[in-house]
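Source file: entry35.txt; contents: compact mmCIF, C-alpha atoms (C1' of nucleotides).
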```txt
# COMPACT_ATOMS: atom_id res chain seq x y z
CA MET A 30 -165.40 -189.72 124.48
CA LYS A 31 -167.73 -191.63 126.75
CA ARG A 32 -168.54 -189.05 129.40
CA THR A 33 -169.46 -189.77 132.95
CA LEU A 34 -173.05 -188.92 133.73
CA GLU A 35 -172.38 -186.47 136.47
CA THR A 36 -170.50 -183.34 135.55
CA ILE A 37 -167.46 -182.91 137.72
CA GLU A 38 -167.24 -179.71 139.72
CA TYR A 39 -163.72 -178.35 139.86
CA LYS A 40 -162.47 -175.46 141.88
CA GLU A 41 -162.67 -172.00 140.42
CA ASN A 42 -159.27 -171.74 138.81
CA THR A 43 -158.73 -175.37 137.95
CA GLU A 44 -160.62 -175.25 134.69
CA ALA A 45 -159.16 -171.90 133.70
CA LEU A 46 -155.66 -173.19 134.25
CA ALA A 47 -156.38 -176.39 132.33
CA LYS A 48 -157.75 -174.33 129.45
CA PHE A 49 -154.61 -172.21 129.23
CA ALA A 50 -152.43 -175.29 129.56
CA LYS A 51 -154.33 -176.90 126.70
CA ALA A 52 -153.62 -173.90 124.51
CA LEU A 53 -149.93 -174.30 125.31
CA ALA A 54 -149.98 -178.06 124.80
CA HIS A 55 -148.50 -178.01 121.30
CA PRO A 56 -144.96 -176.96 120.37
CA THR A 57 -146.15 -174.97 117.37
CA ARG A 58 -148.40 -172.84 119.55
CA ILE A 59 -145.60 -172.28 122.06
CA ALA A 60 -143.36 -171.23 119.19
CA ILE A 61 -146.02 -168.88 117.81
CA LEU A 62 -146.36 -167.21 121.20
CA LYS A 63 -142.59 -166.92 121.60
CA HIS A 64 -142.48 -165.32 118.18
CA LEU A 65 -145.20 -162.87 119.14
CA GLU A 66 -143.37 -162.03 122.34
CA SER A 67 -140.13 -161.23 120.53
CA GLN A 68 -141.73 -159.42 117.60
CA SER A 69 -144.48 -157.87 119.72
CA CYS A 70 -146.80 -158.55 116.78
CA CYS A 71 -146.88 -160.30 113.43
CA PHE A 72 -149.01 -161.34 110.50
CA THR A 73 -150.30 -164.81 109.72
CA GLY A 74 -148.16 -164.92 106.62
CA ASP A 75 -144.99 -164.37 108.61
CA LEU A 76 -145.75 -167.46 110.64
CA VAL A 77 -146.55 -169.52 107.56
CA ASP A 78 -143.05 -168.66 106.34
CA VAL A 79 -141.47 -169.62 109.65
CA PHE A 80 -143.14 -173.02 110.07
CA PRO A 81 -143.20 -175.82 107.53
CA LEU A 82 -146.94 -176.14 107.88
CA ALA A 83 -149.86 -175.45 105.60
CA GLN A 84 -151.45 -172.02 105.86
CA SER A 85 -154.68 -173.58 107.04
CA THR A 86 -152.87 -175.40 109.83
CA VAL A 87 -151.23 -172.24 111.09
CA SER A 88 -154.56 -170.47 110.94
CA GLN A 89 -156.10 -173.24 113.01
CA HIS A 90 -153.45 -172.90 115.70
CA LEU A 91 -154.01 -169.14 115.75
CA LYS A 92 -157.71 -169.76 116.20
CA GLU A 93 -157.09 -171.91 119.25
CA LEU A 94 -154.81 -169.34 120.81
CA LYS A 95 -157.45 -166.72 120.10
CA ASN A 96 -160.18 -168.87 121.64
CA ALA A 97 -158.06 -169.33 124.74
CA GLY A 98 -157.74 -165.56 124.87
CA LEU A 99 -153.95 -165.50 124.65
CA ILE A 100 -153.80 -163.55 121.40
CA GLN A 101 -155.93 -161.10 119.50
CA GLY A 102 -156.12 -160.16 115.84
CA GLU A 103 -156.51 -156.76 114.25
CA LEU A 104 -157.39 -156.22 110.63
CA LYS A 105 -154.70 -154.28 108.77
CA SER A 106 -156.08 -154.92 105.35
CA PRO A 107 -155.35 -157.06 103.54
CA LYS A 108 -153.43 -158.66 106.41
CA ILE A 109 -154.26 -159.47 110.00
CA LYS A 110 -151.92 -158.41 112.73
CA TYR A 111 -151.77 -160.71 115.73
CA CYS A 112 -150.58 -159.64 119.16
CA ILE A 113 -150.46 -161.09 122.63
CA ASN A 114 -153.55 -160.26 124.66
CA GLN A 115 -151.75 -158.77 127.62
CA GLU A 116 -154.71 -158.86 129.99
CA ASN A 117 -155.32 -162.57 129.61
CA TRP A 118 -151.62 -163.25 129.32
CA ASN A 119 -151.18 -161.80 132.79
CA ILE A 120 -154.07 -163.86 134.09
CA ALA A 121 -152.49 -167.02 132.70
CA LYS A 122 -149.15 -166.01 134.10
CA SER A 123 -150.47 -165.59 137.62
CA LEU A 124 -152.49 -168.81 137.41
CA PHE A 125 -149.35 -170.76 136.57
CA GLN A 126 -147.34 -168.87 139.16
CA ASN A 127 -149.82 -169.66 141.91
CA PHE A 128 -150.05 -173.24 140.80
CA PHE A 129 -146.31 -173.80 141.03
CA ASP A 130 -146.21 -172.09 144.45
CA MET B 16 -153.30 -187.43 112.42
CA LYS B 17 -151.93 -186.84 108.98
CA ARG B 18 -148.37 -185.85 109.75
CA THR B 19 -146.26 -183.59 107.67
CA LEU B 20 -143.35 -185.37 106.05
CA GLU B 21 -140.61 -183.23 107.48
CA THR B 22 -140.18 -183.27 111.22
CA ILE B 23 -140.32 -179.79 112.62
CA GLU B 24 -137.32 -178.64 114.61
CA TYR B 25 -138.31 -176.60 117.64
CA LYS B 26 -136.04 -174.74 119.96
CA GLU B 27 -134.61 -176.57 122.94
CA ASN B 28 -137.24 -175.83 125.55
CA THR B 29 -140.27 -175.54 123.33
CA GLU B 30 -141.06 -179.22 123.26
CA ALA B 31 -140.35 -179.68 126.94
CA LEU B 32 -142.72 -176.86 127.81
CA ALA B 33 -145.40 -178.22 125.49
CA LYS B 34 -145.05 -181.62 127.11
CA PHE B 35 -145.56 -180.24 130.58
CA ALA B 36 -148.45 -178.10 129.37
CA LYS B 37 -150.05 -181.18 127.86
CA ALA B 38 -149.86 -182.95 131.19
CA LEU B 39 -151.66 -180.00 132.77
CA ALA B 40 -154.22 -179.75 130.00
CA HIS B 41 -156.97 -181.56 131.90
CA PRO B 42 -158.78 -180.29 134.99
CA THR B 43 -158.62 -183.68 136.68
CA ARG B 44 -154.85 -183.75 136.41
CA ILE B 45 -154.59 -180.20 137.72
CA ALA B 46 -156.77 -181.22 140.65
CA ILE B 47 -154.68 -184.32 141.32
CA LEU B 48 -151.52 -182.21 141.44
CA LYS B 49 -153.16 -179.65 143.72
CA HIS B 50 -154.17 -182.50 145.99
CA LEU B 51 -150.65 -183.87 146.03
CA GLU B 52 -149.29 -180.43 146.82
CA SER B 53 -151.58 -179.96 149.79
CA GLN B 54 -151.26 -183.51 151.11
CA SER B 55 -147.62 -183.83 150.10
CA CYS B 56 -148.45 -187.40 149.09
CA CYS B 57 -151.41 -189.72 148.67
CA PHE B 58 -152.58 -193.10 147.46
CA THR B 59 -154.46 -193.88 144.27
CA GLY B 60 -157.45 -194.97 146.30
CA ASP B 61 -157.69 -191.57 147.98
CA LEU B 62 -158.04 -189.94 144.59
CA VAL B 63 -160.66 -192.43 143.43
CA ASP B 64 -162.70 -191.35 146.45
CA VAL B 65 -162.23 -187.67 145.70
CA PHE B 66 -163.20 -187.79 142.02
CA PRO B 67 -166.36 -189.32 140.58
CA LEU B 68 -164.33 -191.29 138.08
CA ALA B 69 -163.63 -194.96 137.58
CA GLN B 70 -160.51 -196.37 139.19
CA SER B 71 -159.07 -197.13 135.77
CA THR B 72 -159.57 -193.55 134.64
CA VAL B 73 -157.78 -192.11 137.64
CA SER B 74 -154.98 -194.60 137.11
CA GLN B 75 -154.69 -193.44 133.51
CA HIS B 76 -154.36 -189.81 134.55
CA LEU B 77 -151.69 -190.78 137.07
CA LYS B 78 -149.83 -192.60 134.34
CA GLU B 79 -149.75 -189.49 132.19
CA LEU B 80 -148.50 -187.35 135.04
CA LYS B 81 -145.86 -189.97 135.73
CA ASN B 82 -144.82 -190.07 132.07
CA ALA B 83 -144.50 -186.30 132.07
CA GLY B 84 -142.27 -186.68 135.12
CA LEU B 85 -144.40 -184.53 137.39
CA ILE B 86 -145.13 -187.27 139.90
CA GLN B 87 -143.57 -190.48 141.09
CA GLY B 88 -144.96 -193.57 142.74
CA GLU B 89 -143.58 -195.61 145.58
CA LEU B 90 -144.84 -199.02 146.56
CA LYS B 91 -146.13 -199.12 150.14
CA SER B 92 -147.73 -202.48 149.87
CA PRO B 93 -150.48 -203.05 149.19
CA LYS B 94 -150.88 -199.42 148.18
CA ILE B 95 -148.88 -197.03 146.04
CA LYS B 96 -147.91 -193.67 147.40
CA TYR B 97 -147.72 -190.88 144.86
CA CYS B 98 -145.74 -187.70 145.40
CA ILE B 99 -144.70 -184.71 143.36
CA ASN B 100 -141.36 -185.21 141.64
CA GLN B 101 -139.73 -182.09 142.98
CA GLU B 102 -136.85 -182.06 140.54
CA ASN B 103 -139.02 -182.07 137.45
CA TRP B 104 -141.61 -179.90 139.15
CA ASN B 105 -138.94 -177.21 139.52
CA ILE B 106 -137.92 -177.63 135.91
CA ALA B 107 -141.51 -177.17 134.80
CA LYS B 108 -141.88 -174.22 137.11
CA SER B 109 -138.90 -172.40 135.65
CA LEU B 110 -139.92 -173.24 132.09
CA PHE B 111 -143.29 -171.62 132.64
CA GLN B 112 -141.71 -168.72 134.51
CA ASN B 113 -139.30 -168.00 131.70
CA PHE B 114 -142.01 -168.37 129.13
CA PHE B 115 -144.24 -165.79 130.79
CA ASP B 116 -141.24 -163.44 131.24
C1' DA C 11 -166.65 -155.06 87.80
C1' DT C 12 -162.59 -157.91 87.95
C1' DC C 13 -158.34 -159.42 89.69
C1' DT C 14 -155.13 -160.04 93.43
C1' DC C 15 -153.68 -160.71 97.94
C1' DT C 16 -154.35 -162.54 102.49
C1' DT C 17 -156.55 -165.28 105.77
C1' DA C 18 -160.47 -167.98 107.49
C1' DT C 19 -163.33 -171.87 106.94
C1' DC C 20 -164.91 -176.40 105.06
C1' DG C 21 -164.36 -181.20 104.31
C1' DT C 22 -161.77 -185.00 105.40
C1' DA C 23 -158.45 -188.47 107.19
C1' DA C 24 -155.51 -190.25 110.70
C1' DA C 25 -153.96 -190.24 115.32
C1' DG C 26 -154.61 -189.17 120.16
C1' DA C 27 -157.28 -188.39 124.44
C1' DT C 28 -160.75 -189.75 127.69
C1' DA C 29 -163.91 -192.58 129.67
C1' DC C 30 -165.71 -197.18 131.11
C1' DG C 31 -165.90 -202.23 132.70
C1' DA C 32 -163.32 -206.39 133.03
C1' DT C 33 -159.18 -208.65 133.82
C1' DT C 34 -154.60 -209.31 135.48
C1' DG C 35 -150.76 -209.06 138.70
C1' DA C 36 -148.51 -208.34 142.95
C1' DT C 37 -148.56 -208.42 147.86
C1' DT C 38 -150.65 -209.28 152.40
C1' DT C 39 -153.73 -211.50 155.23
C1' DT C 40 -156.30 -215.44 156.63
C1' DA D 28 -152.71 -222.56 149.74
C1' DA D 29 -156.63 -219.52 149.32
C1' DA D 30 -158.76 -215.18 149.74
C1' DA D 31 -158.63 -210.35 149.86
C1' DT D 32 -156.84 -205.84 148.63
C1' DC D 33 -155.12 -202.42 145.64
C1' DA D 34 -153.65 -200.55 141.43
C1' DA D 35 -152.21 -201.27 136.59
C1' DT D 36 -153.39 -202.81 132.16
C1' DC D 37 -156.43 -204.44 128.36
C1' DG D 38 -160.09 -203.90 125.21
C1' DT D 39 -163.28 -200.82 123.48
C1' DA D 40 -166.21 -196.77 122.23
C1' DT D 41 -166.49 -192.01 121.33
C1' DC D 42 -164.91 -187.41 120.97
C1' DT D 43 -161.08 -184.25 120.00
C1' DT D 44 -156.91 -182.78 117.83
C1' DT D 45 -153.91 -182.11 114.08
C1' DA D 46 -152.91 -182.03 109.54
C1' DC D 47 -153.87 -181.31 104.57
C1' DG D 48 -155.94 -179.33 100.15
C1' DA D 49 -159.65 -176.79 98.34
C1' DT D 50 -162.79 -173.22 98.65
C1' DA D 51 -164.78 -168.96 100.35
C1' DA D 52 -164.66 -164.31 102.10
C1' DG D 53 -162.88 -159.70 102.68
C1' DA D 54 -160.47 -155.57 101.24
C1' DG D 55 -157.58 -153.04 97.99
C1' DA D 56 -155.84 -152.34 93.39
C1' DT D 57 -156.52 -152.36 88.32
```
Would you mind giving the structure from this file in structure tokens?
Amino acid sequence: MKRTLETIEYKENTEALAKFAKALAHPTRIAILKHLESQSCCFTGDLVDVFPLAQSTVSQHLKELKNAGLIQGELKSPKIKYCINQENWNIAKSLFQNFFD
Amino acid sequence: MKRTLETIEYKENTEALAKFAKALAHPTRIAILKHLESQSCCFTGDLVDVFPLAQSTVSQHLKELKNAGLIQGELKSPKIKYCINQENWNIAKSLFQNFFD
DNA sequence: ATCTCTTATCGTAAAGATACGATTGATTTT
DNA sequence: AAAATCAATCGTATCTTTACGATAAGAGAT
């Protein structure tokens, strides 16, 4: 992407909100989060069974959700248990709430 | 993007939510919407003055917001007045609300 | 030590997103 | 009719995203 020379300065929460929105900007990631909400937690393999996607693709989506802070993984060898990160989830929730009035 | 052969079937609201999230997935578009909320309405030119971006770039962001249904334009020659599309705004609002419990 | 199971990461290809300048199109003013 | 104004669209370049298969990495079991 050809970037403008000057870096744009956005208000405090604008970038945070955009970052969360970006994490939610794919139906598979929405579905993963819905699944985690209903199950409270689950393993990567469970998701690979649910979606007709390659294991590597699911793993990549999980990585993005993790980078956005919306989920966290815990090693339960040999599996990894993923859960919602409640703290950041609540932050995202209030950011969206405030945004929509 | 190398697409999978079978089209994934998501639940009713999953794609709609992802579509709205995608529209919000850029700080400039968040800022535009915030501006429209505070001003109730504004012209393209106003936004070009606010952001250090080319006129064509701002226009492109407006187009995406319009395609997502979050805003609508009205010709007030020779300008175009953009406003929030309240109906769809409320739909987006409730989708996010439900999603975050 | 080797094998198995599970998941992350690497390499890669195709499509999409983001930015710009230049041009076009529509309307209003001169 | 010509000029000016405003915003959309076109053409283009670059970066990012999304997908896959293949490989690596970690822990537990044999």
message: Would you mind listing, as a list in words, all residues of chain D that have at least one atom within 6 Å of chain A, where all atoms listed in the file are what counts?
response: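 Result: DT41, DC42 and DA54 of chain D.
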Where does chain C meet chain B within 12 Å, residue by residue, with the nearest atom pair and distance in Å to one decimal for each, counting only C-alpha atoms (C1' of nucleotides), listed by chain and rising number, as a tab-separated table?
```
residue	atom	partner	partner_atom	distance
C:DT22	C1'	B:Lys17	CA	10.6
C:DA23	C1'	B:Lys17	CA	7.0
C:DA24	C1'	B:Met16	CA	4.0
C:DA25	C1'	B:Met16	CA	4.1
C:DG26	C1'	B:Met16	CA	8.0
C:DA27	C1'	B:His41	CA	10.1
C:DT28	C1'	B:Thr72	CA	8.0
C:DA29	C1'	B:Thr72	CA	6.7
C:DC30	C1'	B:Ala69	CA	7.1
C:DG31	C1'	B:Ala69	CA	9.0
C:DA32	C1'	B:Ser71	CA	10.6
C:DT33	C1'	B:Ser71	CA	11.7
C:DA36	C1'	B:Pro93	CA	8.4
C:DT37	C1'	B:Pro93	CA	5.9
C:DT38	C1'	B:Pro93	CA	7.0
C:DT39	C1'	B:Pro93	CA	10.9
```
Please identify all polymer residues within 12 Å of Lys26 (chain B), counting all atoms listed in the file, omitting same-chain residues fewer than 5 positions from it, and present them as a compact mmCIF listing (two decimals) with C-alpha atoms, in the coordinates of the input.
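Result file follows (selection-v4.txt):
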```txt
# COMPACT_ATOMS: atom_id res chain seq x y z
CA PRO A 56 -144.96 -176.96 120.37
CA THR A 57 -146.15 -174.97 117.37
CA ILE A 59 -145.60 -172.28 122.06
CA ALA A 60 -143.36 -171.23 119.19
CA ILE A 61 -146.02 -168.88 117.81
CA LYS A 63 -142.59 -166.92 121.60
CA HIS A 64 -142.48 -165.32 118.18
CA ALA B 31 -140.35 -179.68 126.94
CA LEU B 32 -142.72 -176.86 127.81
CA ALA B 33 -145.40 -178.22 125.49
```
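You will find CA of Leu48 (chain B) at 16.1 Å from CA of Phe49 (chain A).
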Give me the chain A side of the contact with chain B, cut-off 6 Å, one line per residue showing its nearest atom pair and distance in Å at one decimal, counting only C-alpha atoms, sorted by chain and residue number, as a Markdown table.
```
| residue | atom | partner | partner_atom | distance |
| --- | --- | --- | --- | --- |
| A:Thr43 | CA | B:Pro42 | CA | 5.7 |
| A:Glu44 | CA | B:Pro42 | CA | 5.4 |
| A:Ala47 | CA | B:Ala40 | CA | 4.6 |
| A:Ala50 | CA | B:Ala40 | CA | 4.8 |
| A:Lys51 | CA | B:Ala40 | CA | 4.4 |
| A:Leu53 | CA | B:Ala36 | CA | 5.8 |
| A:Ala54 | CA | B:Lys37 | CA | 4.4 |
| A:His55 | CA | B:Ala33 | CA | 5.2 |
| A:Pro56 | CA | B:Ala33 | CA | 5.3 |
| A:Lys122 | CA | B:Phe115 | CA | 5.9 |
| A:Phe129 | CA | B:Lys108 | CA | 5.9 |
```
- prompt: Do you have the CA of Leu99 (chain A)-CA of Asn114 (chain A) distance handy?
  reply: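 Interatomic distance, CA of Leu99 (chain A) to CA of Asn114 (chain A): 5.3 Å.
Distance check against Gly74 (chain A) using all atoms listed in the file: of A:Lys92, A:Lys110, A:Glu41, A:Gly102, the minimum falls on A:Lys110.
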- request: Determine, counting all atoms listed in the file, every residue of protein, DNA or RNA that lies within 10 Å of (-156.5, -207.8, 135.3) in the file coordinates, then give the result as a list in words.
  value: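 Those residues lying close to the given coordinates are DA32, DT33, DT34 and DG35 of chain C; DA34, DA35, DT36 and DC37 of chain D.
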- prompt: List as a VMD selection string: which residues have an atom within 7 Å of (-148.2, -158.0, 113.0), counting all atoms listed in the file?
  reply: chain A and resid 70 to 72 109 to 112
message: Would you compute the distance between C1' of DA30 (chain D) and CA of Val63 (chain B)? Give it in Å to one decimal.
response: 23.7 Å
Centre and size of axis-aligned box enclosing region 56-63 of chain A plus 6 Å each side, as AutoDock Vina command-line options:
```
--center_x -145.5 --center_y -171.9 --center_z 119.7 --size_x 17.8 --size_y 22.0 --size_z 16.7
```
